[in-house]
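Visitor: Let me give you the structure first, and then I'll get to my questions.
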Number of protein chains: 2
Amino acid sequence: MASVSVTSGKTLAQLFVDAATKAIEDSGVGRIDSIYVGNMLSGFLQNQEHLGALMATALQREGVPTYKIEGACASGAVAMNAGIKAVLSGLEDIVLVGGVEKMSGYSTSEVTEGLMMAEDRIRVASTGVTFVGLNAMIAREYMRKYDVRHEMIAEFPVLCHANALDNPYAQFHKKISVQDVLASPLVADPLRLYDCAGIGDGAAVIILAPLERVHEFTESSIEVLASIVATDSLSLYQREDITSFQASKTASRLAYERAHIKSEDVDVLEVHDAFSMLGIMALEDLGFAEKGSGVRMVVDGECARDGKLPTNTFGGLKARGHPVGATGLYQIAELVLQLSNRSGKCQVPNANIGLSQSVGGIGGTVALHVLKRCD
Amino acid sequence: MASVSVTSGKTLAQLFVDAATKAIEDSGVGRIDSIYVGNMLSGFLQNQEHLGALMATALQREGVPTYKIEGACASGAVAMNAGIKAVLSGLEDIVLVGGVEKMSGYSTSEVTEGLMMAEDRIRVASTGVTFVGLNAMIAREYMRKYDVRHEMIAEFPVLCHANALDNPYAQFHKKISVQDVLASPLVADPLRLYDCAGIGDGAAVIILAPLERVHEFTESSIEVLASIVATDSLSLYQREDITSFQASKTASRLAYERAHIKSEDVDVLEVHDAFSMLGIMALEDLGFAEKGSGVRMVVDGECARDGKLPTNTFGGLKARGHPVGATGLYQIAELVLQLSNRSGKCQVPNANIGLSQSVGGIGGTVALHVLKRCD
């Protein structure tokens, strides 16, 4: 991983190479059979595509097959899923999957317009509504439907900021309180600044190998029990219920089935809290809480690192940062650190099974990964 | 396939749905397990990403995993490769792979800038050089090194235009002569207008299934013997020899090996003639001619539909059209039609094995597919 930062001063390729070099060293692999690059915004912001060949060249690994995978803000996790299928296909053994995003150096309105590429340009983005605006609609409806107050939802970013204090890679190292969230500038009512993940640069890389070959490179490894991508209708206006993401529900059902686990077997969780409301909804959609009661888990301390279900243990999107195409792989890398007991001050005790949830667009794509410590 | 047209008047989603609907009907499949979308320019031109969920929604197939795959002008063929790995992984059986590009409605300079996203933005595109300019450098050096005259290279677009006359999906239905090519407006010396593929809208879709399940849906099917993606350094300035694409050579060696064939076993060929010079180079890089002698194959009529190695039988990029993210899949769809004897007036006799070559950027990515008629 590279640190998430507001302005890295690095190019896309430098961000990627920094993270990839660390991952290659850490994993002990030599030859790499293919490279998958998760990214959402490079065409729009950097006017740069062909990221596969760009990154292979930057890594001096020309020749290998490369792929840029895009699935909006879930691009990194979707790339992970594609990389896993490559390994399972038997055609590629050692697969490098990286996510990268450079969002610095652009105006907020440019980035805002870029992020709206995840929604339907013709029917939705063209109206001028922003992504925060769409998420504010969700939050407003959720609060009404389940009679939940903003100060309860605000516990989520408070948790994330507390966890990020111990994460050297985090974008924000700042303890905040519920009062700070409620007093922060209004962005799109009811969402305030501290309800929203920031804009940042970052890259995260995972090296995949068939289980039977892992011992060639490293003593500590993590098994992928399930990797699921599910979709829903692209736009919010097409949904019957906007207080829940059907793609999360579909994906979690399939993930638990494939991993042969139940939700209660999950020891550590990373959810896509691009907005505080989404963090709470994820707890419900993934089966950890009844609809409308996700906030209780946070308020009661269940999601804290010493709680029953440690969540966003490195700070989540809100405080670790959300360089969109990289985020899904930060989550997975953090789970790997947790499951292999290498999380430093962020470490949670006795974690055997981890789950990450990455959301693309307004729930149009959801990618889940279930990882397990190899004993 | 949808017809390639200068101005389709259709949205990205409409182009994709039109082609996908035909492919689904033609293949006889019901359920689809996943959708792979090859596209290069949508972020830049349409300010639209998240094409996976967009297309799943447009096709009313929400729920299934979706992927946007980008590999510059080879995006469609790279998506095909990713879809094939999905089938081989055992996780997905019926996979829809589509390529789509909408290039109409923009100025030539906008499209030119978009296409340069395939090159290194910082080191190359920023200098103002265009893609035609880079290809002109290749042509100039090739002509010097191998003492080949423009009128010989110009035979390639003449061949393509002749073939496209019989293809109802082709963008151009216009017979041209070598003299027409040489007299057409200069774009980047030595390349003239008729050396260059045009700008167009289009979409092409392939349905994949495991061989053992194909009989459930259709009597006629085509086997994929090899699907190879290879890369080279991203930029022309990084290469020792610019008259050859190393990625083509690497990919063809691997493709013949995996398919257990020799180049002489290929009965029908589709190459990436975005520029006339590239068509000639492909014949050499894929092993059909010695370096510098590819032109002879065309001049001698070997590449004609009644020749020894029918090439670009539906008109190639030059005359069928080159909607970039879709092109690799047009080529594969055309091979499928040839191998299943459904090519109408474009049909070549006795074709058992077909090869398609798709090039991303200035040879940074090359994707090859070897297909075989199932008897």
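Identifiers in the structure tokens: chain A, B, ... in order shown; residue index from 1 per chain; ligand index from 1 in order shown.
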Taking only C-alpha atoms into account, what are the residues of chain B at most 8 Å from chain A, put as a compact mmCIF listing (two decimals) with N, CA and C atoms, in the first residue's frame?

Guide:
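Dumped to result.txt:
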```txt
# COMPACT_ATOMS: atom_id res chain seq x y z
N MET B 40 -12.99 1.91 -24.66
CA MET B 40 -11.83 2.73 -24.36
C MET B 40 -12.16 4.17 -23.99
N LEU B 41 -13.12 4.78 -24.70
CA LEU B 41 -13.22 6.24 -24.68
C LEU B 41 -14.37 6.82 -23.86
N GLY B 43 -15.11 7.32 -20.76
CA GLY B 43 -14.82 8.28 -19.69
C GLY B 43 -14.49 9.65 -20.25
N PHE B 44 -13.72 9.65 -21.31
CA PHE B 44 -13.26 10.90 -21.91
C PHE B 44 -14.34 11.55 -22.77
N GLN B 46 -17.83 10.45 -23.35
CA GLN B 46 -19.21 10.52 -22.85
C GLN B 46 -19.28 10.90 -21.38
N ASN B 47 -18.13 11.04 -20.72
CA ASN B 47 -18.12 11.25 -19.26
C ASN B 47 -19.00 10.19 -18.60
N GLN B 48 -18.84 8.98 -19.06
CA GLN B 48 -19.63 7.86 -18.54
C GLN B 48 -18.71 6.69 -18.24
N GLU B 49 -18.69 6.26 -16.98
CA GLU B 49 -18.02 5.02 -16.63
C GLU B 49 -19.06 4.08 -16.05
N HIS B 50 -18.60 3.06 -15.34
CA HIS B 50 -19.53 2.10 -14.74
C HIS B 50 -20.36 1.43 -15.83
N LEU B 51 -19.70 1.16 -16.96
CA LEU B 51 -20.41 0.60 -18.11
C LEU B 51 -20.95 -0.80 -17.83
N GLY B 52 -20.33 -1.51 -16.89
CA GLY B 52 -20.83 -2.84 -16.57
C GLY B 52 -22.27 -2.77 -16.08
N ALA B 53 -22.47 -2.00 -15.02
CA ALA B 53 -23.82 -1.88 -14.45
C ALA B 53 -24.76 -1.17 -15.43
N LEU B 54 -24.22 -0.21 -16.17
CA LEU B 54 -25.05 0.49 -17.17
C LEU B 54 -25.61 -0.49 -18.19
N ALA B 56 -25.75 -3.88 -17.96
CA ALA B 56 -26.60 -4.90 -17.32
C ALA B 56 -28.00 -4.34 -17.13
N THR B 57 -28.08 -3.09 -16.70
CA THR B 57 -29.38 -2.45 -16.49
C THR B 57 -30.11 -2.28 -17.82
N GLU B 62 -29.85 -7.07 -14.49
CA GLU B 62 -29.26 -6.63 -13.23
C GLU B 62 -29.01 -7.83 -12.32
N GLY B 63 -27.97 -7.73 -11.52
CA GLY B 63 -27.67 -8.79 -10.58
C GLY B 63 -26.37 -9.47 -10.92
N VAL B 64 -26.16 -9.76 -12.21
CA VAL B 64 -24.96 -10.51 -12.62
C VAL B 64 -23.70 -9.67 -12.46
N PRO B 65 -22.58 -10.34 -12.22
CA PRO B 65 -21.31 -9.61 -12.18
C PRO B 65 -21.00 -8.97 -13.54
N THR B 66 -20.48 -7.76 -13.49
CA THR B 66 -20.14 -7.06 -14.73
C THR B 66 -18.76 -6.43 -14.59
N TYR B 67 -18.12 -6.22 -15.73
CA TYR B 67 -16.75 -5.71 -15.77
C TYR B 67 -16.60 -4.81 -16.98
N LYS B 68 -16.04 -3.64 -16.78
CA LYS B 68 -15.56 -2.89 -17.94
C LYS B 68 -14.07 -3.15 -18.05
N ILE B 69 -13.66 -3.55 -19.24
CA ILE B 69 -12.26 -3.86 -19.49
C ILE B 69 -11.73 -2.86 -20.51
N GLU B 70 -10.58 -2.28 -20.18
CA GLU B 70 -9.99 -1.31 -21.09
C GLU B 70 -8.57 -1.73 -21.44
N GLY B 71 -8.27 -1.77 -22.70
CA GLY B 71 -6.92 -2.06 -23.18
C GLY B 71 -6.71 -1.28 -24.47
N ALA B 72 -7.03 0.02 -24.38
CA ALA B 72 -6.92 0.93 -25.52
C ALA B 72 -7.73 0.39 -26.71
N VAL B 78 -9.37 -7.73 -25.50
CA VAL B 78 -8.90 -7.98 -24.14
C VAL B 78 -10.08 -8.41 -23.26
N ALA B 82 -10.60 -11.85 -21.06
CA ALA B 82 -11.04 -11.89 -19.66
C ALA B 82 -12.29 -12.75 -19.51
N LYS B 85 -11.32 -16.39 -19.58
CA LYS B 85 -10.78 -16.84 -18.29
C LYS B 85 -11.89 -17.05 -17.27
N ALA B 86 -12.94 -16.23 -17.37
CA ALA B 86 -14.07 -16.41 -16.45
C ALA B 86 -14.71 -17.78 -16.66
N VAL B 87 -14.88 -18.16 -17.93
CA VAL B 87 -15.46 -19.48 -18.21
C VAL B 87 -14.52 -20.58 -17.73
N LEU B 88 -13.23 -20.42 -18.02
CA LEU B 88 -12.26 -21.43 -17.60
C LEU B 88 -12.15 -21.54 -16.08
N SER B 89 -12.46 -20.44 -15.39
CA SER B 89 -12.35 -20.46 -13.92
C SER B 89 -13.39 -21.39 -13.30
N GLY B 90 -14.42 -21.70 -14.08
CA GLY B 90 -15.48 -22.54 -13.55
C GLY B 90 -16.52 -21.77 -12.76
N LEU B 91 -16.30 -20.46 -12.58
CA LEU B 91 -17.24 -19.66 -11.79
C LEU B 91 -18.41 -19.15 -12.61
N GLY B 114 -8.69 11.93 -27.40
CA GLY B 114 -9.13 10.73 -26.70
C GLY B 114 -8.28 9.53 -27.05
N MET B 116 -5.30 9.46 -28.00
CA MET B 116 -3.94 9.57 -27.46
C MET B 116 -3.86 9.15 -26.00
N MET B 117 -5.01 8.89 -25.37
CA MET B 117 -4.99 8.34 -24.01
C MET B 117 -4.32 6.97 -23.98
N ALA B 118 -4.18 6.34 -25.16
CA ALA B 118 -3.51 5.04 -25.24
C ALA B 118 -2.00 5.19 -25.07
N GLU B 119 -1.49 6.38 -25.29
CA GLU B 119 -0.05 6.62 -25.14
C GLU B 119 0.22 7.26 -23.78
N ASP B 120 1.46 7.42 -23.44
CA ASP B 120 1.86 8.01 -22.18
C ASP B 120 1.52 9.51 -22.22
N ARG B 121 0.58 9.89 -21.37
CA ARG B 121 0.12 11.28 -21.38
C ARG B 121 1.26 12.25 -21.07
N ILE B 228 -4.78 -14.93 -26.27
CA ILE B 228 -3.51 -14.44 -25.70
C ILE B 228 -3.50 -12.92 -25.67
N VAL B 229 -3.12 -12.37 -24.54
CA VAL B 229 -2.84 -10.93 -24.45
C VAL B 229 -1.36 -10.78 -24.12
N ALA B 230 -0.68 -9.95 -24.87
CA ALA B 230 0.73 -9.67 -24.56
C ALA B 230 0.95 -8.17 -24.61
N THR B 231 1.96 -7.73 -23.89
CA THR B 231 2.24 -6.29 -23.89
C THR B 231 3.67 -6.03 -24.33
N ASP B 232 3.91 -4.77 -24.62
CA ASP B 232 5.26 -4.28 -24.91
C ASP B 232 5.40 -2.97 -24.14
N SER B 233 6.55 -2.37 -24.17
CA SER B 233 6.69 -1.05 -23.57
C SER B 233 5.59 -0.17 -24.17
N LEU B 234 5.09 0.77 -23.38
CA LEU B 234 3.92 1.54 -23.78
C LEU B 234 4.18 2.42 -25.00
N ALA B 247 4.93 -7.18 -29.15
CA ALA B 247 3.77 -7.82 -28.50
C ALA B 247 3.05 -8.75 -29.46
N THR B 250 5.32 -11.90 -29.63
CA THR B 250 5.17 -12.68 -28.39
C THR B 250 3.82 -13.39 -28.39
N GLY B 360 -3.61 -2.60 -29.18
CA GLY B 360 -3.93 -1.46 -28.33
C GLY B 360 -2.77 -0.49 -28.30
N GLY B 361 -3.09 0.79 -28.46
CA GLY B 361 -2.04 1.80 -28.47
C GLY B 361 -1.12 1.58 -29.65
N GLY B 364 1.44 -1.40 -27.62
CA GLY B 364 1.66 -1.68 -26.19
C GLY B 364 0.90 -2.90 -25.73
N THR B 365 -0.26 -3.14 -26.33
CA THR B 365 -1.06 -4.33 -26.03
C THR B 365 -1.44 -5.01 -27.34
```

Visitor: So which residues touch region 17-22 of chain A within 8 Å, counting only C-alpha atoms, skipping near sequence neighbours fewer than 4 positions away, as a PyMOL selection string?

Guide: chain A and resi 1-2+13+26+55+58-59+96+98+203-206

Visitor: Could you pull the residues within 10 Å of region 300-304 of chain B, counting only C-alpha atoms, minus those fewer than 3 positions along the same chain, as a PyMOL selection string?

Guide: chain B and resi 155-156+159-160+162-163+268-269+283+295-297+307-313+348

Visitor: Please compute the CA of Glu141 (chain A)-CA of Lys249 (chain A) distance, one decimal, in Å.

Guide: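 Calculated distance between CA of Glu141 (chain A) and CA of Lys249 (chain A) is 18.9 Å.
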
Visitor: Can you work out which one of A:Gly294, A:Gly128, A:Pro168, A:Gly325 has the shortest atom-to-atom distance to Ser343 (chain A), counting only C-alpha atoms?

Guide: A:Pro168

Visitor: Go through B:Val299, B:Ala274, B:Leu368, B:Ile280 one by one, measure the shortest atom-to-atom distance of each to Ala197 (chain B) using only C-alpha atoms, and give the residue with the smallest value.

Guide: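 Looking at the shortest contact to Ala197 (chain B), the residue is B:Ala274.
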
Visitor: What does the distance from CA of Asp195 (chain B) to CA of Ser276 (chain B) come to in Å, to one decimal?

Guide: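 A separation of 4.9 Å between them.
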
Visitor: Give me, please, the distance in Å between CA of Ile35 (chain B) and CA of Gly321 (chain B), quoted to one decimal.

Guide: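 One can read the CA of Ile35 (chain B) to CA of Gly321 (chain B) distance as 23.8 Å.
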
Visitor: Counting only C-alpha atoms, what is within 7 Å of Ala136 (chain A), bar same-chain residues fewer than 3 positions away, as a ChimeraX atom specification?

Guide: /A:132-133,139-140,188-191

Visitor: Residues of the last selection are to be written out with N, CA and C atoms, as a compact mmCIF listing (two decimals), in the first residue's frame.

Guide:
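Writing the result to again-v7.txt gives the following:
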```
# COMPACT_ATOMS: atom_id res chain seq x y z
N VAL A 132 -22.86 13.20 -3.62
CA VAL A 132 -23.26 13.48 -2.23
C VAL A 132 -24.76 13.71 -2.17
N GLY A 133 -25.28 14.38 -3.18
CA GLY A 133 -26.71 14.63 -3.23
C GLY A 133 -27.52 13.35 -3.24
N ALA A 139 -29.83 8.96 2.86
CA ALA A 139 -29.77 9.21 4.30
C ALA A 139 -31.09 9.80 4.81
N ARG A 140 -31.62 10.75 4.06
CA ARG A 140 -32.88 11.39 4.45
C ARG A 140 -34.00 10.34 4.56
N ALA A 188 -24.64 18.25 1.66
CA ALA A 188 -25.96 18.01 1.03
C ALA A 188 -26.84 17.47 2.15
N ASP A 189 -27.76 18.26 2.60
CA ASP A 189 -28.57 17.96 3.77
C ASP A 189 -29.17 16.57 3.70
N PRO A 190 -29.01 15.68 4.67
CA PRO A 190 -28.45 15.91 6.00
C PRO A 190 -26.93 15.67 6.11
N LEU A 191 -26.27 15.31 5.02
CA LEU A 191 -24.86 14.95 5.12
C LEU A 191 -23.97 16.17 5.28
```

Visitor: Could you find all residues in region 203-249 of chain B that DSSP calls strand (DSSP E) from the backbone, and write them as a list in words?

Guide: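 After running DSSP on the backbone, region 203-249 of chain B has strand (DSSP E) at Ala203, Ala204, Val205, Ile206, Ile207, Leu208, Ile222, Glu223, Val224, Leu225, Ala226, Ser227, Ile228, Val229, Ala230 and Thr231 of chain B.
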
Visitor: Could you check the closest approach to Met80 (chain A) for each of A:Ile362, A:Ala333, A:Ile353, A:Phe288 and tell me which residue wins, using only C-alpha atoms?

Guide: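 Residue with the minimum atom-to-atom distance to Met80 (chain A): A:Ala333.
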